Amino acid sequence: MADIMRVNMSDLSVKKEPLAAKYAKFVGRALTDAIIFNEVPPKSDPLGAQNKLVFAPGLFGGTTAPNGGRISVGAKSPLTGGLKESNAGGQVAHALAKLGLAAVVIEGKAADPAARYVLDIDGAGNGSLMRADELAGLQTYETAAKMREFKGDAKVALVTIGPAGELGAKAAGIAFSDPKEYQNRWAGRGGLGAVMGSKGLKGIAVAATGAGLEHADKDAFIAAVRKFSTALKEHPVTGQGLPTYGTNVLANIINEAGGYPTRNFSDGRFAGVENVSGETMREITVARGGDVKHGCHTGCVIQCSRYYVDKDGKYVTKGVEYEGAWALGADCGIDDMDGIAALDRKCSDLGLDTIEMGATLGVYMEAGKLAWGDWKGALAALDGIVTGSADGKVLRDGAEATGKAFGVTRIPTVKHQAMPAYDPRPIQGIGVTYATSTQGADHTAGYSITSNVLGVGGTVDPLKPEGQAALSQGLQIATGMLDSFGLCIFVAFAVLDNPAAFEAIYEMASAHTGDTWTADDLMMLGKQALTMERLYNEAAGFTAADDRMPSFMLTEKLPPHDAVFTVSDADLDSVFDFVPETAKAMGISKPV
Amino acid sequence: MRIELALFASLEPYLPDSEPGSGRRTRMIDLPDGTTVGEVVARLGLPDQPRVCFIDGRGVKEDATIAGGSRLAIFPPVAGG
């Protein structure tokens, strides 16, 4: 992968240029970070012409590395105000990588705010912008269907935004097509859909026709791929639990641990959990003839994705993921699986992040604007976002905006982004990640649930503060590496328990690139990504005060364990202690 | 003593045919005082693989002793996120 495609929405030009030397050592998340760090002023308006939206496949994009087809998407976030890197499955990462593109960078802003454009990247890896005003306001699946009409029989991977992104909603995400052409994989978090919308870009069609990439040492690469694939299939989580039940298998265990946030983080257990658990969702889907096991991108061997279908067996939405099922379920007091699926579909249609919107609806319900459990009322409230209702204009910007507008004091956010599906009081390791992550409250940034609850990668008592900062730090660094390589973070379950899985990653990297990658190199890449993010956020105005829990979590005891968050400020401030040394070694001090 | 037993995901078929508990995947069972988690695992014939066990919502090892009136929940290795 040697080229960057630069798409200038101001003058409508599309150019390819070789990857600059300063970017040559970065891929995926690290490349996304480096481009934003070097090219987007930290104080710039996230929805202005200076912001840039980056799409970057990882090191293993375009190869047969198992679970190596994730796409990194980044920009300055309109939600957090910091550097946002959101990561998704789907087909586009492989498609871009096979066309020799290390990144596509969307720059500038269309002169006419009413104009809509589609970026078409052809089978030769060349891009052009097409005016497509007829797509204005179309929902996600409609947009994808229209774009496929434009393309005829051409095999393409699609990137789209919904109407929420066009409206500049801070909770708007970006959707990617899956292997069966459902537009249902999401870079949901941080409002990146609004960044894309602000530029006038409604979609991207990428020719999915490129050949697989060559390897420096093909035999060694194949051997490492086999080793990695075997490790993933042999681990009970990636080989059995996830493929059988999907991510929502977590509902019962997190509820059991007392950390399943219920009715806007006021309880750690949800009485209706059995109606909405992964086990129950599987029973419903199997009974209705739905698909209960597939990968979200080509090359996935874990296969945790599924499709949720209605009583007639018709596709409704992706098999609701754990986070979405929780956000649109327990956090709103909703225990109706079809209701949750309808809300998930509504978020997808409008182009909204399910985590942020579930948390937003939870806050809205706490304000008394809607009854707990009223999923039909919630559907109508979400519709108000695009019809322009007074409340919809608030809801679209997320949980914190909604809480402030309606006088709610229990607002579960860090750096303005809503917390996902684990209460950090009885699961304190994830709280360290929420508090300190450059991304705002984000579980994927450092998934401490592993050792806190799941017994993967050792055990750290979730109710005590000891050991949580070190746990989160290690996981945040490892995640920075996985996101840069384009690997699904679920490979971490095998990597944490089986040294062979970790070895296979650097063996695949070495055999693919011809460079020598070591375990230390992998961790250094993760540190470099985080260092650029951290320095960027500091320049954007973040301080240690932003690395803290919302105050109610320090005092309000959460049932059933009556837990409060007790990790010290000093521990939180230690998580990024590697930044000065890493920055020095990288020769960087502050962004552009 | 009587406790509530909960078995989830692939362990659900190992639920004994006894009085239902508070949820769909739970049963009430009678055990001798001082029974450990490991003894319950053996009695149920659970498969020989890693497990995650909770007594009253707190993670425990298999040598933990169960008190009457408590809830024992056992999960196979699961994850997500």
# chains A, B, ... in the order shown; residues from 1 in each chain; ligands from 1

$ select_by_dssp --residues "stretch 121-291 of chain A" --states "strand (DSSP E or B)" --output "list of chain:residue names"
A:Ile121, A:Gly127, A:Ser128, A:Leu129, A:Met130, A:Arg131, A:Val156, A:Ala157, A:Leu158, A:Val159, A:Thr160, A:Ala172, A:Ile174, A:Ala175, A:Phe176, A:Arg185, A:Trp186, A:Ala187, A:Leu201, A:Lys202, A:Gly203, A:Ile204, A:Ala205, A:Val206, A:Ala207, A:Thr262, A:Asp267

$ interface_residues --of "chain A" --to "chain B" --cutoff "9 Å" --atoms "only C-alpha atoms" --output "PyMOL selection string"
chain A and resi 236-238+240-242+244-250+252-253+255-258+274+278-279+304+321-323+421+443-444+447+449-450+452-456+461-463+490+493+560-561

$ write_last_selection --atoms "N, CA and C atoms" --output "tab-separated table (two decimals), in the first residue's frame"
chain	number	residue	atom	x	y	z
A	236	PRO	N	-11.81	-21.03	23.56
A	236	PRO	CA	-13.25	-21.24	23.77
A	236	PRO	C	-14.10	-20.00	23.49
A	237	VAL	N	-13.54	-18.81	23.68
A	237	VAL	CA	-14.33	-17.60	23.44
A	237	VAL	C	-14.48	-17.33	21.94
A	238	THR	N	-13.35	-17.33	21.22
A	238	THR	CA	-13.40	-17.00	19.79
A	238	THR	C	-13.81	-18.20	18.94
A	240	GLN	N	-15.97	-20.78	20.20
A	240	GLN	CA	-17.28	-21.32	20.56
A	240	GLN	C	-18.28	-20.26	21.02
A	241	GLY	N	-17.94	-19.51	22.06
A	241	GLY	CA	-18.91	-18.58	22.66
A	241	GLY	C	-19.39	-17.52	21.69
A	242	LEU	N	-18.45	-16.80	21.06
A	242	LEU	CA	-18.84	-15.72	20.15
A	242	LEU	C	-19.57	-16.23	18.91
A	244	THR	N	-21.38	-18.87	18.53
A	244	THR	CA	-22.68	-19.46	18.83
A	244	THR	C	-23.71	-18.42	19.24
A	245	TYR	N	-23.31	-17.50	20.09
A	245	TYR	CA	-24.30	-16.59	20.68
A	245	TYR	C	-24.14	-15.14	20.25
A	246	GLY	N	-23.03	-14.78	19.60
A	246	GLY	CA	-22.82	-13.39	19.24
A	246	GLY	C	-22.41	-12.57	20.46
A	247	THR	N	-22.17	-11.29	20.23
A	247	THR	CA	-21.65	-10.44	21.31
A	247	THR	C	-22.64	-10.28	22.46
A	248	ASN	N	-23.94	-10.41	22.16
A	248	ASN	CA	-24.95	-10.20	23.20
A	248	ASN	C	-24.96	-11.31	24.25
A	249	VAL	N	-24.10	-12.31	24.08
A	249	VAL	CA	-23.94	-13.33	25.13
A	249	VAL	C	-23.47	-12.69	26.43
A	250	LEU	N	-22.94	-11.48	26.33
A	250	LEU	CA	-22.45	-10.79	27.53
A	250	LEU	C	-23.56	-10.34	28.47
A	252	ASN	N	-26.07	-11.60	30.13
A	252	ASN	CA	-26.30	-12.30	31.41
A	252	ASN	C	-25.09	-12.22	32.34
A	253	ILE	N	-23.91	-12.30	31.80
A	253	ILE	CA	-22.74	-12.32	32.71
A	253	ILE	C	-22.47	-10.93	33.29
A	255	ASN	N	-24.78	-8.69	33.75
A	255	ASN	CA	-25.88	-8.52	34.70
A	255	ASN	C	-25.58	-9.26	36.00
A	256	GLU	N	-25.05	-10.49	35.85
A	256	GLU	CA	-24.71	-11.28	37.05
A	256	GLU	C	-23.68	-10.55	37.90
A	257	ALA	N	-22.72	-9.93	37.24
A	257	ALA	CA	-21.66	-9.21	37.96
A	257	ALA	C	-22.16	-7.90	38.56
A	258	GLY	N	-23.41	-7.55	38.25
A	258	GLY	CA	-23.98	-6.32	38.83
A	258	GLY	C	-23.50	-5.07	38.13
A	274	GLU	N	-33.34	-11.49	30.84
A	274	GLU	CA	-33.51	-12.78	30.15
A	274	GLU	C	-34.25	-12.63	28.82
A	278	GLY	N	-28.27	-12.74	24.87
A	278	GLY	CA	-27.79	-13.40	23.66
A	278	GLY	C	-28.41	-14.77	23.46
A	279	GLU	N	-28.61	-15.49	24.57
A	279	GLU	CA	-29.22	-16.82	24.48
A	279	GLU	C	-30.63	-16.71	23.91
A	304	CYS	N	-19.02	-13.83	14.61
A	304	CYS	CA	-19.97	-13.47	15.68
A	304	CYS	C	-21.14	-12.66	15.17
A	321	GLU	N	-26.05	-6.12	18.40
A	321	GLU	CA	-24.82	-6.36	19.17
A	321	GLU	C	-25.07	-6.07	20.65
A	322	TYR	N	-24.19	-6.59	21.49
A	322	TYR	CA	-24.36	-6.41	22.94
A	322	TYR	C	-24.57	-4.95	23.32
A	323	GLU	N	-23.72	-4.08	22.79
A	323	GLU	CA	-23.79	-2.67	23.20
A	323	GLU	C	-25.13	-2.05	22.80
A	421	ALA	N	-21.84	-0.29	27.73
A	421	ALA	CA	-22.70	-1.20	28.48
A	421	ALA	C	-22.09	-1.86	29.72
A	443	HIS	N	-15.51	1.49	25.47
A	443	HIS	CA	-15.08	0.20	26.02
A	443	HIS	C	-14.00	-0.46	25.17
A	444	THR	N	-14.07	-0.26	23.84
A	444	THR	CA	-13.12	-0.97	22.98
A	444	THR	C	-11.70	-0.44	23.14
A	447	TYR	N	-10.23	-2.92	26.84
A	447	TYR	CA	-11.38	-3.73	27.28
A	447	TYR	C	-11.08	-4.50	28.56
A	449	ILE	N	-12.83	-5.54	30.78
A	449	ILE	CA	-13.80	-6.58	31.14
A	449	ILE	C	-13.13	-7.96	31.12
A	450	THR	N	-12.11	-8.11	30.28
A	450	THR	CA	-11.39	-9.38	30.18
A	450	THR	C	-11.01	-9.92	31.55
A	452	ASN	N	-11.41	-8.33	34.50
A	452	ASN	CA	-12.32	-7.93	35.58
A	452	ASN	C	-13.48	-8.91	35.75
A	453	VAL	N	-13.98	-9.43	34.63
A	453	VAL	CA	-15.19	-10.25	34.72
A	453	VAL	C	-15.04	-11.61	34.04
A	454	LEU	N	-14.39	-11.63	32.88
A	454	LEU	CA	-14.46	-12.81	32.02
A	454	LEU	C	-13.39	-13.86	32.29
A	455	GLY	N	-12.44	-13.53	33.16
A	455	GLY	CA	-11.39	-14.51	33.47
A	455	GLY	C	-10.47	-14.78	32.30
A	456	VAL	N	-10.34	-13.80	31.40
A	456	VAL	CA	-9.40	-13.92	30.28
A	456	VAL	C	-8.20	-13.03	30.57
A	461	ASP	N	-9.69	-8.12	40.57
A	461	ASP	CA	-10.98	-7.93	41.25
A	461	ASP	C	-11.66	-6.66	40.75
A	462	PRO	N	-12.84	-6.79	40.15
A	462	PRO	CA	-13.47	-5.61	39.53
A	462	PRO	C	-13.96	-4.57	40.51
A	463	LEU	N	-14.14	-4.99	41.78
A	463	LEU	CA	-14.71	-4.06	42.76
A	463	LEU	C	-13.65	-3.25	43.50
A	490	PHE	N	-11.52	-8.68	18.98
A	490	PHE	CA	-11.86	-9.95	19.62
A	490	PHE	C	-10.72	-10.96	19.53
A	493	PHE	N	-8.86	-11.93	22.88
A	493	PHE	CA	-9.20	-12.99	23.84
A	493	PHE	C	-8.25	-14.18	23.69
A	560	PRO	N	-26.32	-3.98	42.72
A	560	PRO	CA	-26.51	-4.63	44.02
A	560	PRO	C	-25.28	-4.56	44.93
A	561	HIS	N	-24.14	-4.12	44.43
A	561	HIS	CA	-22.93	-4.15	45.27
A	561	HIS	C	-22.71	-2.85	46.04

$ closest_residue --among "A:Leu572, A:Ala342, A:Ala287, A:Ala371" --to "A:Val320" --atoms "only C-alpha atoms"
A:Ala342

$ residues_around --residues "stretch 87-101 of chain A" --least-positions-apart "3" --cutoff "8 Å" --atoms "only C-alpha atoms" --output "count of residues only"
43

$ residues_around --residues "A:Val408" --least-positions-apart "6" --cutoff "8 Å" --atoms "only C-alpha atoms" --output "VMD selection string"
chain A and resid 363 366 to 367

$ atom_distance --atom1 "atom CA of A:Arg396" --atom2 "atom CA of A:Ala169"
5.1 Å

$ residues_around --residues "A:Gly197" --least-positions-apart "6" --cutoff "7 Å" --atoms "only C-alpha atoms" --output "ChimeraX atom specification"
/A:165-166,168

$ write_last_selection --atoms "N, CA, C and O atoms" --output "PDB file, in the first residue's frame"
ATOM      1  N   GLY A 165     -26.270  12.358   9.687  1.00  0.00           N
ATOM      2  CA  GLY A 165     -24.954  12.901   9.320  1.00  0.00           C
ATOM      3  C   GLY A 165     -25.079  14.169   8.506  1.00  0.00           C
ATOM      4  O   GLY A 165     -24.326  15.127   8.693  1.00  0.00           O
ATOM      5  N   GLU A 166     -26.048  14.189   7.607  1.00  0.00           N
ATOM      6  CA  GLU A 166     -26.260  15.393   6.789  1.00  0.00           C
ATOM      7  C   GLU A 166     -26.684  16.578   7.645  1.00  0.00           C
ATOM      8  O   GLU A 166     -26.399  17.729   7.323  1.00  0.00           O
ATOM      9  N   GLY A 168     -25.655  17.135  10.629  1.00  0.00           N
ATOM     10  CA  GLY A 168     -24.591  17.507  11.558  1.00  0.00           C
ATOM     11  C   GLY A 168     -24.792  16.988  12.962  1.00  0.00           C
ATOM     12  O   GLY A 168     -24.227  17.524  13.925  1.00  0.00           O
TER      13      GLY A 168
END

$ select_by_dssp --residues "chain B" --states "alpha helix (DSSP H)" --output "list in words"
Val37, Gly38, Glu39, Val40, Val41, Ala42, Arg43 and Leu44 of chain B

$ write_last_selection --atoms "N, CA, C and O atoms" --output "compact mmCIF listing (two decimals), in the first residue's frame"
# COMPACT_ATOMS: atom_id res chain seq x y z
N VAL B 37 -18.04 -24.77 45.16
CA VAL B 37 -18.43 -24.59 43.77
C VAL B 37 -17.97 -25.80 42.94
O VAL B 37 -18.71 -26.33 42.12
N GLY B 38 -16.73 -26.22 43.18
CA GLY B 38 -16.19 -27.35 42.43
C GLY B 38 -17.00 -28.61 42.61
O GLY B 38 -17.17 -29.39 41.66
N GLU B 39 -17.54 -28.81 43.83
CA GLU B 39 -18.36 -30.00 44.07
C GLU B 39 -19.68 -29.93 43.30
O GLU B 39 -20.18 -30.95 42.82
N VAL B 40 -20.21 -28.71 43.16
CA VAL B 40 -21.44 -28.57 42.36
C VAL B 40 -21.13 -28.86 40.89
O VAL B 40 -21.90 -29.53 40.20
N VAL B 41 -19.99 -28.35 40.43
CA VAL B 41 -19.58 -28.58 39.04
C VAL B 41 -19.48 -30.08 38.76
O VAL B 41 -19.98 -30.58 37.74
N ALA B 42 -18.87 -30.79 39.69
CA ALA B 42 -18.70 -32.24 39.51
C ALA B 42 -20.06 -32.94 39.54
O ALA B 42 -20.34 -33.83 38.73
N ARG B 43 -20.90 -32.51 40.46
CA ARG B 43 -22.23 -33.13 40.60
C ARG B 43 -23.07 -32.94 39.33
O ARG B 43 -23.81 -33.83 38.91
N LEU B 44 -22.93 -31.78 38.71
CA LEU B 44 -23.69 -31.49 37.49
C LEU B 44 -23.07 -32.13 36.26
O LEU B 44 -23.72 -32.23 35.22

$ atom_distance --atom1 "atom CA of A:Ala381" --atom2 "atom CA of A:Asn264"
16.9 Å

$ residues_around --residues "A:Met9" --least-positions-apart "2" --cutoff "7 Å" --atoms "only C-alpha atoms" --output "ChimeraX atom specification"
/A:7,11-12,107-110,199

$ decode --residues "stretch 3-90 of chain A" --atoms "C-alpha atoms" --output "PDB file, in the first residue's frame"
ATOM      1  CA  ASP A   3      -0.688   5.806  -2.039  1.00  0.00           C
ATOM      2  CA  ILE A   4      -2.933   8.277  -0.291  1.00  0.00           C
ATOM      3  CA  MET A   5      -6.013   9.492  -2.144  1.00  0.00           C
ATOM      4  CA  ARG A   6      -6.818  13.093  -1.327  1.00  0.00           C
ATOM      5  CA  VAL A   7     -10.369  14.178  -2.072  1.00  0.00           C
ATOM      6  CA  ASN A   8     -10.820  17.938  -1.926  1.00  0.00           C
ATOM      7  CA  MET A   9     -14.496  18.748  -1.481  1.00  0.00           C
ATOM      8  CA  SER A  10     -13.845  22.495  -1.897  1.00  0.00           C
ATOM      9  CA  ASP A  11     -12.539  22.316  -5.460  1.00  0.00           C
ATOM     10  CA  LEU A  12     -13.872  18.804  -6.166  1.00  0.00           C
ATOM     11  CA  SER A  13     -10.454  17.462  -7.133  1.00  0.00           C
ATOM     12  CA  VAL A  14      -9.235  13.935  -6.431  1.00  0.00           C
ATOM     13  CA  LYS A  15      -5.526  13.226  -6.404  1.00  0.00           C
ATOM     14  CA  LYS A  16      -3.350  10.276  -5.554  1.00  0.00           C
ATOM     15  CA  GLU A  17       0.072  10.803  -4.065  1.00  0.00           C
ATOM     16  CA  PRO A  18       2.710   8.467  -2.696  1.00  0.00           C
ATOM     17  CA  LEU A  19       2.661   8.002   1.053  1.00  0.00           C
ATOM     18  CA  ALA A  20       4.946  10.695   2.497  1.00  0.00           C
ATOM     19  CA  ALA A  21       8.018   9.504   4.356  1.00  0.00           C
ATOM     20  CA  LYS A  22       6.647  10.752   7.681  1.00  0.00           C
ATOM     21  CA  TYR A  23       3.654   8.430   7.252  1.00  0.00           C
ATOM     22  CA  ALA A  24       5.449   5.421   5.797  1.00  0.00           C
ATOM     23  CA  LYS A  25       5.771   3.525   9.062  1.00  0.00           C
ATOM     24  CA  PHE A  26       2.108   3.927  10.009  1.00  0.00           C
ATOM     25  CA  VAL A  27      -0.998   1.957   9.022  1.00  0.00           C
ATOM     26  CA  GLY A  28      -4.658   1.818  10.081  1.00  0.00           C
ATOM     27  CA  ARG A  29      -5.338   3.690  13.298  1.00  0.00           C
ATOM     28  CA  ALA A  30      -1.749   4.924  13.576  1.00  0.00           C
ATOM     29  CA  LEU A  31      -1.932   6.368  10.049  1.00  0.00           C
ATOM     30  CA  THR A  32      -5.328   7.952  10.728  1.00  0.00           C
ATOM     31  CA  ASP A  33      -3.851   9.510  13.861  1.00  0.00           C
ATOM     32  CA  ALA A  34      -0.703  10.691  12.070  1.00  0.00           C
ATOM     33  CA  ILE A  35      -2.632  12.433   9.293  1.00  0.00           C
ATOM     34  CA  ILE A  36      -4.912  14.248  11.739  1.00  0.00           C
ATOM     35  CA  PHE A  37      -1.991  15.045  14.040  1.00  0.00           C
ATOM     36  CA  ASN A  38       0.004  16.557  11.188  1.00  0.00           C
ATOM     37  CA  GLU A  39      -2.733  18.160   9.136  1.00  0.00           C
ATOM     38  CA  VAL A  40      -5.790  19.177  11.215  1.00  0.00           C
ATOM     39  CA  PRO A  41      -5.368  22.150  13.564  1.00  0.00           C
ATOM     40  CA  PRO A  42      -6.429  21.003  17.057  1.00  0.00           C
ATOM     41  CA  LYS A  43      -8.563  24.096  17.639  1.00  0.00           C
ATOM     42  CA  SER A  44     -10.322  23.890  14.284  1.00  0.00           C
ATOM     43  CA  ASP A  45     -14.079  23.524  13.855  1.00  0.00           C
ATOM     44  CA  PRO A  46     -14.857  19.785  13.516  1.00  0.00           C
ATOM     45  CA  LEU A  47     -17.523  20.587  10.937  1.00  0.00           C
ATOM     46  CA  GLY A  48     -15.393  23.145   9.114  1.00  0.00           C
ATOM     47  CA  ALA A  49     -13.202  22.970   6.024  1.00  0.00           C
ATOM     48  CA  GLN A  50     -10.006  22.441   8.033  1.00  0.00           C
ATOM     49  CA  ASN A  51     -11.093  19.100   9.433  1.00  0.00           C
ATOM     50  CA  LYS A  52     -10.163  15.976   7.489  1.00  0.00           C
ATOM     51  CA  LEU A  53     -11.885  12.611   7.458  1.00  0.00           C
ATOM     52  CA  VAL A  54      -9.529   9.670   7.048  1.00  0.00           C
ATOM     53  CA  PHE A  55     -10.322   6.095   6.022  1.00  0.00           C
ATOM     54  CA  ALA A  56      -7.383   3.737   6.432  1.00  0.00           C
ATOM     55  CA  PRO A  57      -7.189  -0.054   6.143  1.00  0.00           C
ATOM     56  CA  GLY A  58      -4.800  -1.773   8.522  1.00  0.00           C
ATOM     57  CA  LEU A  59      -1.571  -3.594   7.762  1.00  0.00           C
ATOM     58  CA  PHE A  60      -3.477  -6.789   7.001  1.00  0.00           C
ATOM     59  CA  GLY A  61      -6.103  -5.170   4.764  1.00  0.00           C
ATOM     60  CA  GLY A  62      -6.151  -6.926   1.406  1.00  0.00           C
ATOM     61  CA  THR A  63      -4.568 -10.089   2.799  1.00  0.00           C
ATOM     62  CA  THR A  64      -5.897 -13.377   4.123  1.00  0.00           C
ATOM     63  CA  ALA A  65      -4.807 -12.632   7.689  1.00  0.00           C
ATOM     64  CA  PRO A  66      -7.721 -13.882   9.815  1.00  0.00           C
ATOM     65  CA  ASN A  67      -9.958 -11.071  11.090  1.00  0.00           C
ATOM     66  CA  GLY A  68      -7.646  -8.522   9.440  1.00  0.00           C
ATOM     67  CA  GLY A  69     -10.143  -6.484   7.429  1.00  0.00           C
ATOM     68  CA  ARG A  70     -11.126  -3.699   9.804  1.00  0.00           C
ATOM     69  CA  ILE A  71     -11.249  -0.082   8.639  1.00  0.00           C
ATOM     70  CA  SER A  72      -9.977   2.816  10.728  1.00  0.00           C
ATOM     71  CA  VAL A  73     -11.932   6.067  10.394  1.00  0.00           C
ATOM     72  CA  GLY A  74     -10.773   9.269  12.008  1.00  0.00           C
ATOM     73  CA  ALA A  75     -11.186  13.030  12.243  1.00  0.00           C
ATOM     74  CA  LYS A  76     -11.424  15.703  14.878  1.00  0.00           C
ATOM     75  CA  SER A  77     -14.649  14.695  16.643  1.00  0.00           C
ATOM     76  CA  PRO A  78     -17.634  17.043  16.832  1.00  0.00           C
ATOM     77  CA  LEU A  79     -18.778  15.103  19.907  1.00  0.00           C
ATOM     78  CA  THR A  80     -15.621  14.926  22.013  1.00  0.00           C
ATOM     79  CA  GLY A  81     -13.650  17.791  20.495  1.00  0.00           C
ATOM     80  CA  GLY A  82     -10.614  15.521  20.392  1.00  0.00           C
ATOM     81  CA  LEU A  83      -9.021  13.162  17.927  1.00  0.00           C
ATOM     82  CA  LYS A  84     -11.510  10.426  17.130  1.00  0.00           C
ATOM     83  CA  GLU A  85     -10.630   7.060  15.714  1.00  0.00           C
ATOM     84  CA  SER A  86     -13.616   4.814  15.140  1.00  0.00           C
ATOM     85  CA  ASN A  87     -13.192   1.343  13.801  1.00  0.00           C
ATOM     86  CA  ALA A  88     -15.526  -0.882  11.788  1.00  0.00           C
ATOM     87  CA  GLY A  89     -15.841  -4.158   9.945  1.00  0.00           C
ATOM     88  CA  GLY A  90     -17.375  -4.522   6.509  1.00  0.00           C
TER      89      GLY A  90
END
